[in-house]
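Have a look at protein38.cif below; it lists mmCIF, C-alpha atoms, pLDDT in the B column; chains and numbers go by the auth columns.
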```
data_input
loop_
_atom_site.group_PDB
_atom_site.id
_atom_site.type_symbol
_atom_site.label_atom_id
_atom_site.label_comp_id
_atom_site.label_asym_id
_atom_site.label_seq_id
_atom_site.Cartn_x
_atom_site.Cartn_y
_atom_site.Cartn_z
_atom_site.B_iso_or_equiv
_atom_site.auth_seq_id
_atom_site.auth_asym_id
ATOM 1 C CA MET A 1 -9.331 6.218 -17.056 93.00 1 J
ATOM 2 C CA ARG A 2 -10.907 7.177 -13.727 96.00 2 J
ATOM 3 C CA ILE A 3 -8.756 5.960 -10.820 97.00 3 J
ATOM 4 C CA GLY A 4 -10.383 6.124 -7.402 98.00 4 J
ATOM 5 C CA LEU A 5 -8.071 6.742 -4.434 98.00 5 J
ATOM 6 C CA LEU A 6 -9.666 5.267 -1.319 98.00 6 J
ATOM 7 C CA LEU A 7 -8.030 7.550 1.232 98.00 7 J
ATOM 8 C CA CYS A 8 -7.622 5.846 4.615 98.00 8 J
ATOM 9 C CA GLY A 9 -5.939 8.524 6.679 94.00 9 J
ATOM 10 C CA HIS A 10 -4.756 12.113 6.922 92.00 10 J
ATOM 11 C CA LEU A 11 -1.314 13.408 7.830 89.00 11 J
ATOM 12 C CA PRO A 12 -0.713 15.906 10.626 86.00 12 J
ATOM 13 C CA ASP A 13 -0.001 19.394 9.282 86.00 13 J
ATOM 14 C CA ARG A 14 3.688 19.206 10.140 84.00 14 J
ATOM 15 C CA TYR A 15 4.092 16.281 7.746 85.00 15 J
ATOM 16 C CA SER A 16 1.942 17.620 4.931 83.00 16 J
ATOM 17 C CA SER A 17 3.870 20.899 5.029 86.00 17 J
ATOM 18 C CA ILE A 18 7.054 18.949 4.281 87.00 18 J
ATOM 19 C CA ALA A 19 5.985 16.835 1.353 85.00 19 J
ATOM 20 C CA GLY A 20 2.261 17.191 0.700 89.00 20 J
ATOM 21 C CA GLU A 21 -0.477 14.593 1.186 90.00 21 J
ATOM 22 C CA PHE A 22 -1.315 11.079 -0.018 93.00 22 J
ATOM 23 C CA PRO A 23 -3.236 12.216 -3.139 94.00 23 J
ATOM 24 C CA GLU A 24 -0.275 14.275 -4.350 94.00 24 J
ATOM 25 C CA TRP A 25 2.070 11.353 -3.747 95.00 25 J
ATOM 26 C CA VAL A 26 -0.140 8.936 -5.668 96.00 26 J
ATOM 27 C CA GLU A 27 -0.475 11.357 -8.586 94.00 27 J
ATOM 28 C CA ALA A 28 3.310 11.726 -8.671 94.00 28 J
ATOM 29 C CA LEU A 29 3.727 7.946 -8.467 95.00 29 J
ATOM 30 C CA LEU A 30 1.413 7.273 -11.399 93.00 30 J
ATOM 31 C CA GLY A 31 3.102 9.967 -13.466 90.00 31 J
ATOM 32 C CA ASP A 32 1.851 11.833 -16.506 72.00 32 J
ATOM 33 C CA THR A 33 -0.958 9.609 -17.756 72.00 33 J
ATOM 34 C CA ASP A 34 -4.352 10.111 -19.329 83.00 34 J
ATOM 35 C CA SER A 35 -5.946 9.065 -16.048 88.00 35 J
ATOM 36 C CA SER A 36 -7.785 11.266 -13.559 93.00 36 J
ATOM 37 C CA LEU A 37 -7.441 10.606 -9.820 95.00 37 J
ATOM 38 C CA ILE A 38 -10.671 10.899 -7.837 97.00 38 J
ATOM 39 C CA VAL A 39 -10.285 10.966 -4.049 98.00 39 J
ATOM 40 C CA PHE A 40 -12.800 9.248 -1.769 98.00 40 J
ATOM 41 C CA ASP A 41 -12.283 9.759 1.969 98.00 41 J
ATOM 42 C CA ALA A 42 -12.967 6.301 3.387 98.00 42 J
ATOM 43 C CA THR A 43 -12.532 7.571 6.972 97.00 43 J
ATOM 44 C CA VAL A 44 -15.836 9.446 6.707 96.00 44 J
ATOM 45 C CA ASP A 45 -17.623 6.759 4.667 90.00 45 J
ATOM 46 C CA ASP A 46 -17.162 8.757 1.476 95.00 46 J
ATOM 47 C CA LEU A 47 -17.101 5.715 -0.807 98.00 47 J
ATOM 48 C CA PRO A 48 -18.323 5.346 -4.390 97.00 48 J
ATOM 49 C CA SER A 49 -21.949 4.354 -4.760 95.00 49 J
ATOM 50 C CA ASP A 50 -20.893 1.429 -6.952 97.00 50 J
ATOM 51 C CA PRO A 51 -17.532 -0.225 -7.760 97.00 51 J
ATOM 52 C CA LEU A 52 -18.065 0.621 -11.436 97.00 52 J
ATOM 53 C CA VAL A 53 -17.946 4.368 -10.687 97.00 53 J
ATOM 54 C CA CYS A 54 -14.188 4.125 -11.378 98.00 54 J
ATOM 55 C CA ASP A 55 -12.101 2.025 -13.753 97.00 55 J
ATOM 56 C CA ALA A 56 -9.571 1.115 -11.034 98.00 56 J
ATOM 57 C CA TYR A 57 -8.833 1.791 -7.364 98.00 57 J
ATOM 58 C CA ILE A 58 -5.844 2.401 -5.105 98.00 58 J
ATOM 59 C CA ILE A 59 -6.237 1.882 -1.342 98.00 59 J
ATOM 60 C CA SER A 60 -3.888 4.135 0.623 98.00 60 J
ATOM 61 C CA GLY A 61 -1.848 3.597 3.728 96.00 61 J
ATOM 62 C CA SER A 62 -3.082 4.630 7.180 96.00 62 J
ATOM 63 C CA ALA A 63 -2.005 5.048 10.792 93.00 63 J
ATOM 64 C CA SER A 64 -4.958 2.793 11.704 96.00 64 J
ATOM 65 C CA SER A 65 -4.956 -0.992 11.939 96.00 65 J
ATOM 66 C CA VAL A 66 -7.420 -3.042 9.924 97.00 66 J
ATOM 67 C CA TYR A 67 -8.525 -4.853 13.095 97.00 67 J
ATOM 68 C CA ASP A 68 -9.468 -1.582 14.843 96.00 68 J
ATOM 69 C CA ASP A 69 -13.120 -1.423 15.819 95.00 69 J
ATOM 70 C CA ASP A 70 -13.920 1.538 13.585 96.00 70 J
ATOM 71 C CA PRO A 71 -17.122 1.447 11.506 97.00 71 J
ATOM 72 C CA TRP A 72 -15.440 3.064 8.495 98.00 72 J
ATOM 73 C CA ILE A 73 -13.002 0.147 8.223 98.00 73 J
ATOM 74 C CA ALA A 74 -15.848 -2.371 8.091 97.00 74 J
ATOM 75 C CA GLU A 75 -17.582 -0.233 5.442 98.00 75 J
ATOM 76 C CA LEU A 76 -14.375 -0.038 3.433 98.00 76 J
ATOM 77 C CA GLU A 77 -13.884 -3.813 3.571 98.00 77 J
ATOM 78 C CA GLU A 78 -17.435 -4.353 2.342 98.00 78 J
ATOM 79 C CA PHE A 79 -16.840 -2.000 -0.569 98.00 79 J
ATOM 80 C CA VAL A 80 -13.529 -3.705 -1.389 98.00 80 J
ATOM 81 C CA ARG A 81 -15.286 -7.073 -1.534 98.00 81 J
ATOM 82 C CA GLY A 82 -17.643 -5.562 -4.078 98.00 82 J
ATOM 83 C CA VAL A 83 -14.717 -4.239 -6.111 98.00 83 J
ATOM 84 C CA ALA A 84 -13.100 -7.684 -6.130 97.00 84 J
ATOM 85 C CA ARG A 85 -16.362 -9.346 -7.202 96.00 85 J
ATOM 86 C CA SER A 86 -16.819 -6.812 -9.988 97.00 86 J
ATOM 87 C CA GLY A 87 -13.393 -7.477 -11.466 97.00 87 J
ATOM 88 C CA VAL A 88 -12.410 -3.796 -11.318 98.00 88 J
ATOM 89 C CA PRO A 89 -8.613 -3.617 -10.761 98.00 89 J
ATOM 90 C CA VAL A 90 -7.549 -2.582 -7.260 98.00 90 J
ATOM 91 C CA PHE A 91 -4.095 -2.064 -5.752 98.00 91 J
ATOM 92 C CA GLY A 92 -3.542 -1.774 -1.990 98.00 92 J
ATOM 93 C CA ILE A 93 -0.565 -0.049 -0.363 98.00 93 J
ATOM 94 C CA CYS A 94 0.475 -1.049 3.197 98.00 94 J
ATOM 95 C CA PHE A 95 -2.805 -0.604 5.130 98.00 95 J
ATOM 96 C CA GLY A 96 -4.566 -0.976 1.785 98.00 96 J
ATOM 97 C CA HIS A 97 -2.762 -4.282 1.235 98.00 97 J
ATOM 98 C CA GLN A 98 -3.966 -5.437 4.645 98.00 98 J
ATOM 99 C CA VAL A 99 -7.539 -4.279 3.943 98.00 99 J
ATOM 100 C CA LEU A 100 -7.589 -6.481 0.840 98.00 100 J
ATOM 101 C CA ALA A 101 -6.359 -9.428 2.908 98.00 101 J
ATOM 102 C CA GLU A 102 -8.945 -9.014 5.674 98.00 102 J
ATOM 103 C CA ALA A 103 -11.806 -8.205 3.285 98.00 103 J
ATOM 104 C CA LEU A 104 -11.184 -11.338 1.239 98.00 104 J
ATOM 105 C CA GLY A 105 -10.779 -13.771 4.149 98.00 105 J
ATOM 106 C CA GLY A 106 -7.208 -13.412 5.405 98.00 106 J
ATOM 107 C CA THR A 107 -5.836 -12.355 8.793 98.00 107 J
ATOM 108 C CA VAL A 108 -3.746 -9.348 9.818 98.00 108 J
ATOM 109 C CA GLU A 109 -1.995 -9.089 13.180 97.00 109 J
ATOM 110 C CA ARG A 110 0.706 -7.123 14.960 96.00 110 J
ATOM 111 C CA ALA A 111 3.922 -8.717 13.727 94.00 111 J
ATOM 112 C CA GLU A 112 6.034 -10.511 16.329 93.00 112 J
ATOM 113 C CA ILE A 113 9.154 -9.484 14.409 93.00 113 J
ATOM 114 C CA GLY A 114 8.436 -5.849 15.245 93.00 114 J
ATOM 115 C CA TRP A 115 8.533 -2.662 13.234 95.00 115 J
ATOM 116 C CA GLY A 116 9.465 -2.660 9.589 95.00 116 J
ATOM 117 C CA ILE A 117 10.941 0.747 8.745 96.00 117 J
ATOM 118 C CA GLY A 118 13.516 1.961 6.265 97.00 118 J
ATOM 119 C CA VAL A 119 14.243 0.714 2.774 98.00 119 J
ATOM 120 C CA HIS A 120 13.747 -3.056 2.531 97.00 120 J
ATOM 121 C CA THR A 121 14.406 -5.403 -0.377 98.00 121 J
ATOM 122 C CA MET A 122 11.600 -7.587 -1.718 98.00 122 J
ATOM 123 C CA ARG A 123 12.508 -10.702 -3.673 98.00 123 J
ATOM 124 C CA VAL A 124 10.224 -11.535 -6.594 98.00 124 J
ATOM 125 C CA ASN A 125 8.924 -15.105 -6.196 98.00 125 J
ATOM 126 C CA GLU A 126 6.599 -15.222 -9.205 98.00 126 J
ATOM 127 C CA ASN A 127 6.002 -12.948 -12.163 98.00 127 J
ATOM 128 C CA ARG A 128 2.776 -11.856 -13.802 98.00 128 J
ATOM 129 C CA SER A 129 2.262 -10.201 -17.185 98.00 129 J
ATOM 130 C CA TRP A 130 1.674 -6.807 -15.512 98.00 130 J
ATOM 131 C CA MET A 131 5.014 -7.088 -13.676 98.00 131 J
ATOM 132 C CA ASP A 132 6.860 -5.374 -16.500 98.00 132 J
ATOM 133 C CA PRO A 133 9.685 -4.537 -16.189 97.00 133 J
ATOM 134 C CA GLN A 134 10.573 -7.963 -14.806 97.00 134 J
ATOM 135 C CA VAL A 135 13.166 -7.778 -12.044 98.00 135 J
ATOM 136 C CA GLU A 136 14.530 -10.115 -9.403 98.00 136 J
ATOM 137 C CA SER A 137 13.996 -7.671 -6.531 98.00 137 J
ATOM 138 C CA VAL A 138 12.732 -4.198 -5.647 98.00 138 J
ATOM 139 C CA ASN A 139 13.652 -1.782 -2.868 98.00 139 J
ATOM 140 C CA LEU A 140 10.856 0.166 -1.174 98.00 140 J
ATOM 141 C CA MET A 141 10.424 2.306 1.918 98.00 141 J
ATOM 142 C CA MET A 142 8.533 0.669 4.775 97.00 142 J
ATOM 143 C CA SER A 143 6.614 1.804 7.838 96.00 143 J
ATOM 144 C CA HIS A 144 4.434 -0.819 9.508 95.00 144 J
ATOM 145 C CA GLN A 145 3.868 -2.919 12.607 95.00 145 J
ATOM 146 C CA ASP A 146 1.050 -5.090 11.266 97.00 146 J
ATOM 147 C CA GLN A 147 1.414 -7.849 8.699 97.00 147 J
ATOM 148 C CA VAL A 148 -0.760 -10.215 6.708 98.00 148 J
ATOM 149 C CA ILE A 149 -0.161 -13.511 8.509 97.00 149 J
ATOM 150 C CA GLU A 150 -2.837 -15.694 6.895 98.00 150 J
ATOM 151 C CA LEU A 151 -3.793 -15.410 3.243 98.00 151 J
ATOM 152 C CA PRO A 152 -7.283 -15.721 1.785 97.00 152 J
ATOM 153 C CA ASP A 153 -8.015 -18.816 -0.285 96.00 153 J
ATOM 154 C CA ASP A 154 -6.388 -18.757 -3.732 95.00 154 J
ATOM 155 C CA ALA A 155 -4.131 -15.792 -2.903 98.00 155 J
ATOM 156 C CA VAL A 156 -0.585 -16.064 -4.296 98.00 156 J
ATOM 157 C CA VAL A 157 2.548 -14.526 -2.765 98.00 157 J
ATOM 158 C CA LEU A 158 4.441 -12.865 -5.599 98.00 158 J
ATOM 159 C CA GLY A 159 7.153 -11.263 -3.462 98.00 159 J
ATOM 160 C CA SER A 160 8.708 -11.624 0.003 98.00 160 J
ATOM 161 C CA SER A 161 11.285 -9.843 2.144 97.00 161 J
ATOM 162 C CA ASP A 162 13.313 -10.989 5.138 96.00 162 J
ATOM 163 C CA HIS A 163 10.981 -8.982 7.356 96.00 163 J
ATOM 164 C CA CYS A 164 7.664 -9.707 5.633 97.00 164 J
ATOM 165 C CA GLU A 165 6.830 -13.005 3.944 98.00 165 J
ATOM 166 C CA ASN A 166 3.520 -11.846 2.438 98.00 166 J
ATOM 167 C CA TYR A 167 4.933 -8.656 0.951 98.00 167 J
ATOM 168 C CA LEU A 168 3.428 -8.625 -2.554 98.00 168 J
ATOM 169 C CA VAL A 169 0.229 -10.645 -2.877 98.00 169 J
ATOM 170 C CA GLU A 170 -2.128 -11.385 -5.752 98.00 170 J
ATOM 171 C CA PHE A 171 -5.445 -11.801 -3.943 98.00 171 J
ATOM 172 C CA THR A 172 -7.267 -12.195 -7.267 98.00 172 J
ATOM 173 C CA PRO A 173 -5.921 -11.611 -10.786 97.00 173 J
ATOM 174 C CA LYS A 174 -7.138 -7.990 -10.516 98.00 174 J
ATOM 175 C CA ALA A 175 -6.662 -7.358 -6.773 98.00 175 J
ATOM 176 C CA VAL A 176 -3.043 -6.916 -5.641 98.00 176 J
ATOM 177 C CA GLY A 177 -1.477 -5.546 -2.479 98.00 177 J
ATOM 178 C CA ILE A 178 2.045 -4.531 -1.454 98.00 178 J
ATOM 179 C CA GLN A 179 3.377 -3.946 2.061 98.00 179 J
ATOM 180 C CA GLY A 180 5.921 -1.321 1.017 98.00 180 J
ATOM 181 C CA HIS A 181 5.340 2.337 0.204 98.00 181 J
ATOM 182 C CA PRO A 182 6.189 3.164 -3.417 98.00 182 J
ATOM 183 C CA GLU A 183 4.516 6.564 -2.979 97.00 183 J
ATOM 184 C CA PHE A 184 6.581 7.872 -0.026 96.00 184 J
ATOM 185 C CA PRO A 185 8.740 10.966 -0.684 96.00 185 J
ATOM 186 C CA VAL A 186 12.182 10.619 0.906 96.00 186 J
ATOM 187 C CA ALA A 187 11.778 13.924 2.796 94.00 187 J
ATOM 188 C CA PHE A 188 8.635 12.617 4.494 95.00 188 J
ATOM 189 C CA ALA A 189 10.157 9.220 5.314 96.00 189 J
ATOM 190 C CA GLU A 190 13.200 10.805 6.960 96.00 190 J
ATOM 191 C CA VAL A 191 11.068 12.881 9.335 95.00 191 J
ATOM 192 C CA LEU A 192 8.696 9.965 9.983 95.00 192 J
ATOM 193 C CA TYR A 193 11.532 7.624 10.929 96.00 193 J
ATOM 194 C CA GLU A 194 13.059 10.237 13.234 95.00 194 J
ATOM 195 C CA ASP A 195 9.693 10.694 14.935 94.00 195 J
ATOM 196 C CA LYS A 196 9.484 6.949 15.561 94.00 196 J
ATOM 197 C CA ARG A 197 12.763 6.898 17.479 94.00 197 J
ATOM 198 C CA GLU A 198 11.057 6.536 20.883 91.00 198 J
ATOM 199 C CA LEU A 199 9.212 3.475 19.565 90.00 199 J
ATOM 200 C CA VAL A 200 11.990 1.781 17.597 92.00 200 J
ATOM 201 C CA GLY A 201 15.240 2.967 19.193 92.00 201 J
ATOM 202 C CA SER A 202 18.347 2.438 17.063 92.00 202 J
ATOM 203 C CA LEU A 203 16.218 1.112 14.203 94.00 203 J
ATOM 204 C CA ALA A 204 15.538 4.772 13.436 96.00 204 J
ATOM 205 C CA ASP A 205 19.237 5.315 12.653 97.00 205 J
ATOM 206 C CA ASP A 206 19.305 2.285 10.370 96.00 206 J
ATOM 207 C CA ALA A 207 16.080 3.364 8.654 97.00 207 J
ATOM 208 C CA ILE A 208 17.344 6.892 7.980 97.00 208 J
ATOM 209 C CA ALA A 209 20.675 5.568 6.717 98.00 209 J
ATOM 210 C CA SER A 210 18.859 3.172 4.392 97.00 210 J
ATOM 211 C CA LEU A 211 17.300 6.122 2.545 97.00 211 J
ATOM 212 C CA ALA A 212 20.624 6.433 0.716 97.00 212 J
ATOM 213 C CA THR A 213 19.467 3.330 -1.190 96.00 213 J
ATOM 214 C CA THR A 214 17.338 4.368 -4.139 95.00 214 J
ATOM 215 C CA ALA A 215 13.793 3.043 -3.900 97.00 215 J
ATOM 216 C CA ASP A 216 12.363 1.302 -6.972 98.00 216 J
ATOM 217 C CA SER A 217 9.109 3.245 -6.913 98.00 217 J
ATOM 218 C CA ASP A 218 9.174 3.680 -10.693 97.00 218 J
ATOM 219 C CA ILE A 219 9.105 -0.085 -11.179 98.00 219 J
ATOM 220 C CA VAL A 220 6.103 -0.540 -8.887 98.00 220 J
ATOM 221 C CA ALA A 221 4.389 2.434 -10.546 97.00 221 J
ATOM 222 C CA ALA A 222 4.757 0.691 -13.910 97.00 222 J
ATOM 223 C CA TRP A 223 3.291 -2.476 -12.411 98.00 223 J
ATOM 224 C CA ILE A 224 0.271 -0.561 -11.124 98.00 224 J
ATOM 225 C CA ARG A 225 -0.320 1.104 -14.489 96.00 225 J
ATOM 226 C CA ASN A 226 -0.031 -2.260 -16.253 97.00 226 J
ATOM 227 C CA LEU A 227 -2.432 -3.926 -13.799 98.00 227 J
ATOM 228 C CA PHE A 228 -4.932 -1.134 -14.417 97.00 228 J
ATOM 229 C CA GLY A 229 -4.566 -1.556 -18.162 91.00 229 J
#
```

Could you write out this structure as structure tokens?
Amino acid sequence: MRIGLLLCGHLPDRYSSIAGEFPEWVEALLGDTDSSLIVFDATVDDLPSDPLVCDAYIISGSASSVYDDDPWIAELEEFVRGVARSGVPVFGICFGHQVLAEALGGTVERAEIGWGIGVHTMRVNENRSWMDPQVESVNLMMSHQDQVIELPDDAVVLGSSDHCENYLVEFTPKAVGIQGHPEFPVAFAEVLYEDKRELVGSLADDAIASLATTADSDIVAAWIRNLFG
């Protein structure tokens, strides 16, 4: 299986020297499979010529906002619409989740509730066949200010947290997004949360302390693999 990673940002060197880059994290998340990960740098319009170039896609996180006036974001959303129309499976993470929402007719805005950082618990509202193992909740690391506030038509919320109602969303049966970060290494998250201290104040302490809670990245990884078939 050819899995296309639509890369939506690059880490500063000081972060990548700690724990690597997004592609390495996604490969580690997916585990030892028969799949090959092909990276497309969406920030420079390096997108596949056709959605069928790959058998499935993952849309990465980003420091950008989907409502930024950057041409590459508009190009990415157009490509994502084509992926959804084609029926090729696609899974969006954080910014990628929000790209799916905006591309398919939803709305993303800066959340009034403020930053979501640290390990948060998502409650499962509805199950799907690919959500195996079936669990009542999952813990994932978070780092976001923006949220999906209006869903596209026919989208279904499969999971919610106290901080984020539209946390896990089925936009179509083959297009799913999650607000959390199943791919984050703990070492990266700890430094990231410390660096956000000027923005979030004491929330940084709570976020770092929350890293003692084991994230359920393996569960979400299994869901992604099942969705991709």

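Every protein or nucleic acid residue with an atom no more than 6 Å from segment 111-120 of chain J, counting all atoms listed in the file and leaving out same-chain residues fewer than 2 positions away, appears here: J:Glu109, J:Asn139, J:Leu140, J:Met141, J:Met142, J:Ser143, J:His144, J:Gln145, J:Asp146, J:Gln147, J:Ala207, J:Ser210.
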
Using all atoms listed in the file, find all polymer residues with an atom at most 12 Å away from the point (2.5, 10.9, -10.7); report them as a PDB file with C-alpha atoms, keeping the file's coordinate frame.
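Output (result_24.pdb):
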```
ATOM      1  CA  PHE J  22      -1.315  11.079  -0.018  1.00 93.00           C
ATOM      2  CA  PRO J  23      -3.236  12.216  -3.139  1.00 94.00           C
ATOM      3  CA  GLU J  24      -0.275  14.275  -4.350  1.00 94.00           C
ATOM      4  CA  TRP J  25       2.070  11.353  -3.747  1.00 95.00           C
ATOM      5  CA  VAL J  26      -0.140   8.936  -5.668  1.00 96.00           C
ATOM      6  CA  GLU J  27      -0.475  11.357  -8.586  1.00 94.00           C
ATOM      7  CA  ALA J  28       3.310  11.726  -8.671  1.00 94.00           C
ATOM      8  CA  LEU J  29       3.727   7.946  -8.467  1.00 95.00           C
ATOM      9  CA  LEU J  30       1.413   7.273 -11.399  1.00 93.00           C
ATOM     10  CA  GLY J  31       3.102   9.967 -13.466  1.00 90.00           C
ATOM     11  CA  ASP J  32       1.851  11.833 -16.506  1.00 72.00           C
ATOM     12  CA  THR J  33      -0.958   9.609 -17.756  1.00 72.00           C
ATOM     13  CA  ASP J  34      -4.352  10.111 -19.329  1.00 83.00           C
ATOM     14  CA  SER J  35      -5.946   9.065 -16.048  1.00 88.00           C
ATOM     15  CA  SER J  36      -7.785  11.266 -13.559  1.00 93.00           C
ATOM     16  CA  LEU J  37      -7.441  10.606  -9.820  1.00 95.00           C
ATOM     17  CA  PRO J 182       6.189   3.164  -3.417  1.00 98.00           C
ATOM     18  CA  GLU J 183       4.516   6.564  -2.979  1.00 97.00           C
ATOM     19  CA  PHE J 184       6.581   7.872  -0.026  1.00 96.00           C
ATOM     20  CA  PRO J 185       8.740  10.966  -0.684  1.00 96.00           C
ATOM     21  CA  SER J 217       9.109   3.245  -6.913  1.00 98.00           C
ATOM     22  CA  ASP J 218       9.174   3.680 -10.693  1.00 97.00           C
ATOM     23  CA  ALA J 221       4.389   2.434 -10.546  1.00 97.00           C
ATOM     24  CA  ALA J 222       4.757   0.691 -13.910  1.00 97.00           C
ATOM     25  CA  ILE J 224       0.271  -0.561 -11.124  1.00 98.00           C
ATOM     26  CA  ARG J 225      -0.320   1.104 -14.489  1.00 96.00           C
TER      27      ARG J 225
END
```

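Atom CA of Cys164 of chain J to atom CA of Thr121 of chain J spans 10.0 Å [interatomic distance, one decimal].
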
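One distance worth recording is that between atom CA of Ser17 of chain J and atom CA of Val200 of chain J, which is 24.3 Å.
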
Edge lengths and centre, in Å to one decimal, as JSON: that's what I need for the box along x, y and z that holds all listed atoms of segment 4-20 of chain J plus 6 Å on each side.
```
{"center_x": -1.7, "center_y": 13.1, "center_z": 1.6, "size_x": 29.4, "size_y": 27.6, "size_z": 30.0}
```

Translate the PyMOL selection byres ((chain J and resi 191) around 12), as applied to the file shown, into an explicit residue set as a count of residues only. 25

Selection in question (the file shown): the PyMOL selection byres ((chain J and resi 84-99) around 9). Which residues does it include, as a count of residues only? 59

Atom CA of Glu170 of chain J to atom CA of Asp50 of chain J, distance in Å rounded to a single decimal: 22.8 Å
